[in-house]
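For reference, the structure discussed in these notes is given below.
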Number of protein chains: 2
Amino acid sequence: MPTEKETEQKIFDAAQKVFQRSGFKGARMQEIADEAGINKSMLHYYYRNKDTLFSTVFQSAAKKIMPRVFGILASESSLREKVVQVVEFYHNAFRENPELPSFVIYEMNHHPQQFKDFIGSMEMHLPETFIEQVEEAVESEELRTITPDQFLMNVVSLCMMPMLARNMVQALFHLTDEEYFSFLDERRQLIPNLIFNGLAL
Amino acid sequence: MPTEKETEQKIFDAAQKVFQRSGFKGARMQEIADEAGINKSMLHYYYRNKDTLFSTVFQSAAKKIMPRVFGILASESSLREKVVQVVEFYHNAFRENPELPSFVIYEMNHHPQQFKDFIGSMEMHLPETFIEQVEEAVESEELRTITPDQFLMNVVSLCMMPMLARNMVQALFHLTDEEYFSFLDERRQLIPNLIFNGLAL
DNA sequence: GTCTATATAACGATAGAC
DNA sequence: GTCTATCGTTATATAGAC
């Protein structure tokens, strides 16, 4: 006999799975109930409606990625170590949950008002230590001129794009699932090298 | 009085707009009819059902991006010139139609079977001239060791990711629409530099 | 070809018994 | 809390007049 918390948790887990797989519009309440192995009415008992349930799932998903990246950027590591750690984090997180990045990015674009506020409320500013590291490296002529925003954008782009475009990548390069993950793994070393040294020898 | 072709075209244009804005699941046939300024029944008269209409729109959208990129890669330009041209192409295309990239990538992930076949049928192999350019540059030690696939993946990632994650980028960096497009424009020069030279000085 | 009207099905949500 | 049964709405799709 499941307790109240257990049922609520089962619903949340099922909703997470279905929303990530099908998106907000594509997800069916019945599908979530089936996934959770419970009655459809329970969804409305614990979460008032589809919007509320989705909002809970989305906010949880957003919190799984960005705060951890910002945590790395705020640490006391060197700039190069931070890049390595961010790259490793993205690739490990993708292994655990391949649909998470695509879900957050897409739904963010399709619920503009609602979740821009949410992201704002998380107070996600670039950590000062990271900003200073980039600015100092530029000033001391260790690095080319670049803003911290663009620096971070480059790292995140090189990590996430092959994850967001998984089917496109597999179709274009004719990769099996196994080959696709090998392709991603190659990038763990490739990305930090590219960021700092480019391709020129 | 519109001719047959004109009505069919109006429906296609409206469907393109609505599907790109709302996605397949989110798009409503009524919404498309309103956008086209015609009766809902006409959608079924010219295109049998929602799936057929969507398929037409999606395939048209896919053909707007990838063949043009592959065209650049197959040209007789130098490797560096090709990178510049691809970057320019992506950024110009995004200005014309900001929702196109996100649409193609997302729907590709959510209609797996159907459109993997389609991409396969386009016979989109990496142009031989591009492959040879990368391999020769690596062999002659102009460039670090890298496969042509990874090389292309890097360029595309640096271009497209800030476009796919538009709302996330704007929320995180607190950018107005105008500032966001300036942010993108900075990347036209930044990306080729990063690809070849990295950040190290 | 284009319209109105309607069939048919799916979905989110609620009422009410237990 | 959990279930069954059902309401009310909204979708896609079709039938049939013009």
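Just so we're on the same page: first chain in the structure tokens is A, next is B, and so on; residues restart at 1 for each chain, and ligands are numbered from 1 in the order they show up.
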
Next item on the list: Pick out each residue of chain A that DSSP on the backbone tags as alpha helix (DSSP H); I need them as number ranges by chain.
Entry: A: 4-26, 29-36, 40-46, 50-73, 79-96, 100-110, 112-121, 128-139, 148-164, 166-173, 177-197

Next item on the list: Pick out the chain B residues within 8 Å of chain D. Count only C-alpha atoms (C1' of nucleotides). Give them as a count of residues only.
Entry: 5

Next item on the list: Could you please determine the separation between CA of Lys82 in chain B and CA of Thr129 in chain B in Å, to one decimal place?
Entry: 11.2 Å

List every residue of chain B that has an atom at most 8 Å from any atom of chain A, and for each one report the closest atom pair and its distance in Å to one decimal, counting only C-alpha atoms, with rows sorted by chain and then by increasing residue number, as JSON lines.
```
{"residue": "B:Ser22", "atom": "CA", "partner": "A:His110", "partner_atom": "CA", "distance": 7.5}
{"residue": "B:Lys25", "atom": "CA", "partner": "A:Gly26", "partner_atom": "CA", "distance": 5.6}
{"residue": "B:Gly26", "atom": "CA", "partner": "A:Lys25", "partner_atom": "CA", "distance": 5.6}
{"residue": "B:Ser102", "atom": "CA", "partner": "A:Tyr106", "partner_atom": "CA", "distance": 7.8}
{"residue": "B:Ile105", "atom": "CA", "partner": "A:Ala165", "partner_atom": "CA", "distance": 5.7}
{"residue": "B:Tyr106", "atom": "CA", "partner": "A:Tyr106", "partner_atom": "CA", "distance": 7.5}
{"residue": "B:Met108", "atom": "CA", "partner": "A:Asn167", "partner_atom": "CA", "distance": 6.4}
{"residue": "B:Asn109", "atom": "CA", "partner": "A:Asn167", "partner_atom": "CA", "distance": 5.5}
{"residue": "B:His110", "atom": "CA", "partner": "A:Ser22", "partner_atom": "CA", "distance": 7.4}
{"residue": "B:Pro112", "atom": "CA", "partner": "A:Asn167", "partner_atom": "CA", "distance": 7.1}
{"residue": "B:Lys116", "atom": "CA", "partner": "A:Ala171", "partner_atom": "CA", "distance": 5.8}
{"residue": "B:Ile119", "atom": "CA", "partner": "A:Ala171", "partner_atom": "CA", "distance": 6.6}
{"residue": "B:Gly120", "atom": "CA", "partner": "A:Ala171", "partner_atom": "CA", "distance": 6.6}
{"residue": "B:Met124", "atom": "CA", "partner": "A:Leu172", "partner_atom": "CA", "distance": 6.6}
{"residue": "B:His125", "atom": "CA", "partner": "A:Leu172", "partner_atom": "CA", "distance": 7.1}
{"residue": "B:Glu141", "atom": "CA", "partner": "A:Leu201", "partner_atom": "CA", "distance": 6.6}
{"residue": "B:Glu142", "atom": "CA", "partner": "A:Leu201", "partner_atom": "CA", "distance": 5.6}
{"residue": "B:Leu143", "atom": "CA", "partner": "A:Ala200", "partner_atom": "CA", "distance": 4.7}
{"residue": "B:Arg144", "atom": "CA", "partner": "A:Leu199", "partner_atom": "CA", "distance": 5.2}
{"residue": "B:Asp149", "atom": "CA", "partner": "A:Phe173", "partner_atom": "CA", "distance": 7.3}
{"residue": "B:Met153", "atom": "CA", "partner": "A:Pro162", "partner_atom": "CA", "distance": 7.3}
{"residue": "B:Asn154", "atom": "CA", "partner": "A:Leu158", "partner_atom": "CA", "distance": 6.1}
{"residue": "B:Ser157", "atom": "CA", "partner": "A:Met161", "partner_atom": "CA", "distance": 5.2}
{"residue": "B:Leu158", "atom": "CA", "partner": "A:Ser157", "partner_atom": "CA", "distance": 5.4}
{"residue": "B:Met160", "atom": "CA", "partner": "A:Met161", "partner_atom": "CA", "distance": 7.5}
{"residue": "B:Met161", "atom": "CA", "partner": "A:Ser157", "partner_atom": "CA", "distance": 5.2}
{"residue": "B:Pro162", "atom": "CA", "partner": "A:Ser157", "partner_atom": "CA", "distance": 7.1}
{"residue": "B:Leu164", "atom": "CA", "partner": "A:Ile105", "partner_atom": "CA", "distance": 7.4}
{"residue": "B:Ala165", "atom": "CA", "partner": "A:Ile105", "partner_atom": "CA", "distance": 5.7}
{"residue": "B:Arg166", "atom": "CA", "partner": "A:Asn109", "partner_atom": "CA", "distance": 7.1}
{"residue": "B:Asn167", "atom": "CA", "partner": "A:Asn109", "partner_atom": "CA", "distance": 5.5}
{"residue": "B:Met168", "atom": "CA", "partner": "A:Met108", "partner_atom": "CA", "distance": 6.6}
{"residue": "B:Ala171", "atom": "CA", "partner": "A:Lys116", "partner_atom": "CA", "distance": 5.8}
{"residue": "B:Leu172", "atom": "CA", "partner": "A:Met124", "partner_atom": "CA", "distance": 6.6}
{"residue": "B:Phe173", "atom": "CA", "partner": "A:Asp149", "partner_atom": "CA", "distance": 7.3}
{"residue": "B:Asn193", "atom": "CA", "partner": "A:Gly198", "partner_atom": "CA", "distance": 7.9}
{"residue": "B:Leu194", "atom": "CA", "partner": "A:Gly198", "partner_atom": "CA", "distance": 5.7}
{"residue": "B:Ile195", "atom": "CA", "partner": "A:Gly198", "partner_atom": "CA", "distance": 5.2}
{"residue": "B:Phe196", "atom": "CA", "partner": "A:Leu199", "partner_atom": "CA", "distance": 4.7}
{"residue": "B:Asn197", "atom": "CA", "partner": "A:Gly198", "partner_atom": "CA", "distance": 4.2}
{"residue": "B:Gly198", "atom": "CA", "partner": "A:Gly198", "partner_atom": "CA", "distance": 3.4}
{"residue": "B:Leu199", "atom": "CA", "partner": "A:Phe196", "partner_atom": "CA", "distance": 4.7}
{"residue": "B:Ala200", "atom": "CA", "partner": "A:Leu143", "partner_atom": "CA", "distance": 4.7}
{"residue": "B:Leu201", "atom": "CA", "partner": "A:Leu143", "partner_atom": "CA", "distance": 5.4}
```

Selected residues written out with N, CA and C atoms, as a tab-separated table (two decimals), in the first residue's frame:
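In the end it all went to part_7.tsv:
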```
chain	number	residue	atom	x	y	z
B	22	SER	N	4.26	26.72	-33.57
B	22	SER	CA	3.62	25.92	-32.52
B	22	SER	C	4.05	24.47	-32.48
B	25	LYS	N	2.36	19.07	-32.82
B	25	LYS	CA	1.29	18.79	-31.86
B	25	LYS	C	0.54	20.07	-31.47
B	26	GLY	N	1.26	21.16	-31.38
B	26	GLY	CA	0.65	22.41	-30.95
B	26	GLY	C	-0.16	23.11	-32.03
B	102	SER	N	15.10	25.71	-35.05
B	102	SER	CA	14.48	25.03	-33.92
B	102	SER	C	13.41	24.05	-34.39
B	105	ILE	N	15.09	20.82	-36.09
B	105	ILE	CA	15.79	19.98	-35.12
B	105	ILE	C	14.81	19.28	-34.18
B	106	TYR	N	13.84	20.02	-33.67
B	106	TYR	CA	12.90	19.44	-32.72
B	106	TYR	C	12.03	18.38	-33.37
B	108	MET	N	12.50	16.72	-36.01
B	108	MET	CA	13.34	15.59	-36.40
B	108	MET	C	13.45	14.58	-35.25
B	109	ASN	N	13.58	15.10	-34.03
B	109	ASN	CA	13.71	14.22	-32.87
B	109	ASN	C	12.39	13.55	-32.51
B	110	HIS	N	11.26	14.12	-32.95
B	110	HIS	CA	9.97	13.61	-32.49
B	110	HIS	C	9.18	12.87	-33.57
B	112	PRO	N	10.85	10.11	-35.40
B	112	PRO	CA	12.12	9.46	-35.69
B	112	PRO	C	12.11	8.68	-37.01
B	116	LYS	N	14.00	10.16	-40.55
B	116	LYS	CA	15.34	9.62	-40.77
B	116	LYS	C	15.43	9.11	-42.20
B	119	ILE	N	15.76	12.10	-44.59
B	119	ILE	CA	17.12	12.64	-44.63
B	119	ILE	C	18.04	11.70	-45.40
B	120	GLY	N	17.85	10.39	-45.16
B	120	GLY	CA	18.62	9.41	-45.90
B	120	GLY	C	18.38	9.53	-47.40
B	124	MET	N	22.57	12.94	-48.35
B	124	MET	CA	23.42	14.01	-47.85
B	124	MET	C	24.71	13.45	-47.27
B	125	HIS	N	25.64	13.14	-48.12
B	125	HIS	CA	26.95	12.74	-47.63
B	125	HIS	C	27.86	13.96	-47.61
B	141	GLU	N	49.99	18.63	-41.14
B	141	GLU	CA	50.20	19.26	-39.83
B	141	GLU	C	49.87	20.74	-39.80
B	142	GLU	N	48.98	21.16	-40.72
B	142	GLU	CA	48.42	22.50	-40.59
B	142	GLU	C	47.42	22.56	-39.45
B	143	LEU	N	46.69	21.44	-39.29
B	143	LEU	CA	45.65	21.38	-38.25
B	143	LEU	C	45.91	20.22	-37.32
B	144	ARG	N	45.37	20.36	-36.10
B	144	ARG	CA	45.32	19.26	-35.15
B	144	ARG	C	44.54	18.08	-35.74
B	149	ASP	N	33.81	14.96	-39.74
B	149	ASP	CA	32.52	15.00	-39.04
B	149	ASP	C	32.58	15.93	-37.83
B	153	MET	N	30.71	19.43	-37.12
B	153	MET	CA	29.87	19.49	-35.92
B	153	MET	C	30.21	20.71	-35.09
B	154	ASN	N	31.49	21.03	-34.98
B	154	ASN	CA	31.91	22.20	-34.20
B	154	ASN	C	31.38	23.50	-34.80
B	157	SER	N	27.58	23.64	-34.42
B	157	SER	CA	27.21	23.84	-33.01
B	157	SER	C	27.35	25.29	-32.60
B	158	LEU	N	28.49	25.88	-32.94
B	158	LEU	CA	28.75	27.26	-32.53
B	158	LEU	C	27.76	28.23	-33.17
B	160	MET	N	24.47	27.29	-34.42
B	160	MET	CA	23.05	27.03	-34.20
B	160	MET	C	22.60	27.08	-32.75
B	161	MET	N	23.46	26.66	-31.85
B	161	MET	CA	23.02	26.56	-30.45
B	161	MET	C	22.45	27.86	-29.91
B	162	PRO	N	23.11	29.01	-30.13
B	162	PRO	CA	22.52	30.26	-29.62
B	162	PRO	C	21.19	30.59	-30.27
B	164	LEU	N	18.92	28.07	-31.33
B	164	LEU	CA	17.95	27.13	-30.76
B	164	LEU	C	17.55	27.53	-29.35
B	165	ALA	N	18.51	28.07	-28.61
B	165	ALA	CA	18.27	28.37	-27.19
B	165	ALA	C	17.98	29.84	-26.97
B	166	ARG	N	17.36	30.47	-27.96
B	166	ARG	CA	17.17	31.91	-27.92
B	166	ARG	C	16.61	32.42	-26.59
B	167	ASN	N	15.49	31.86	-26.15
B	167	ASN	CA	14.86	32.38	-24.92
B	167	ASN	C	15.73	32.14	-23.70
B	168	MET	N	16.41	31.00	-23.70
B	168	MET	CA	17.31	30.72	-22.60
B	168	MET	C	18.46	31.72	-22.57
B	171	ALA	N	17.20	35.15	-21.46
B	171	ALA	CA	16.87	35.19	-20.04
B	171	ALA	C	18.13	35.18	-19.19
B	172	LEU	N	19.09	34.36	-19.58
B	172	LEU	CA	20.30	34.19	-18.77
B	172	LEU	C	21.19	35.41	-18.81
B	173	PHE	N	21.35	35.97	-19.99
B	173	PHE	CA	22.26	37.11	-20.14
B	173	PHE	C	21.51	38.44	-20.10
B	193	ASN	N	37.45	32.40	-36.02
B	193	ASN	CA	38.66	32.56	-35.22
B	193	ASN	C	38.82	31.43	-34.23
B	194	LEU	N	37.74	31.11	-33.54
B	194	LEU	CA	37.80	30.06	-32.53
B	194	LEU	C	38.14	28.72	-33.17
B	195	ILE	N	37.49	28.42	-34.29
B	195	ILE	CA	37.71	27.14	-34.96
B	195	ILE	C	39.19	26.95	-35.29
B	196	PHE	N	39.80	27.97	-35.84
B	196	PHE	CA	41.17	27.78	-36.31
B	196	PHE	C	42.23	28.13	-35.27
B	197	ASN	N	41.96	29.14	-34.47
B	197	ASN	CA	43.01	29.64	-33.59
B	197	ASN	C	42.74	29.47	-32.11
B	198	GLY	N	41.51	29.09	-31.74
B	198	GLY	CA	41.23	28.99	-30.31
B	198	GLY	C	41.32	30.33	-29.65
B	199	LEU	N	41.46	30.31	-28.33
B	199	LEU	CA	41.53	31.57	-27.59
B	199	LEU	C	42.95	31.93	-27.18
B	200	ALA	N	43.82	30.93	-27.14
B	200	ALA	CA	45.18	31.17	-26.65
B	200	ALA	C	45.92	32.16	-27.54
B	201	LEU	N	46.74	32.99	-26.94
B	201	LEU	CA	47.53	33.95	-27.72
B	201	LEU	C	49.02	33.61	-27.61
```

Note to self: What are the residues of chain C lining chain B at 9 Å or less? Count only C-alpha atoms (C1' of nucleotides), and put the answer as a list in words.
What the structure shows: DG1, DT2 and DC3 of chain C

Take the residues from that selection and write them out as a PDB file, in the first residue's frame, keeping C-alpha atoms (C1' of nucleotides).
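Wrote it out as out_20.pdb, contents follow:
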```
ATOM      1  C1'  DG C   1     -13.269  24.715 -55.726  1.00  0.00           C
ATOM      2  C1'  DT C   2     -15.389  26.623 -51.853  1.00  0.00           C
ATOM      3  C1'  DC C   3     -18.538  26.876 -48.409  1.00  0.00           C
TER       4       DC C   3
END
```
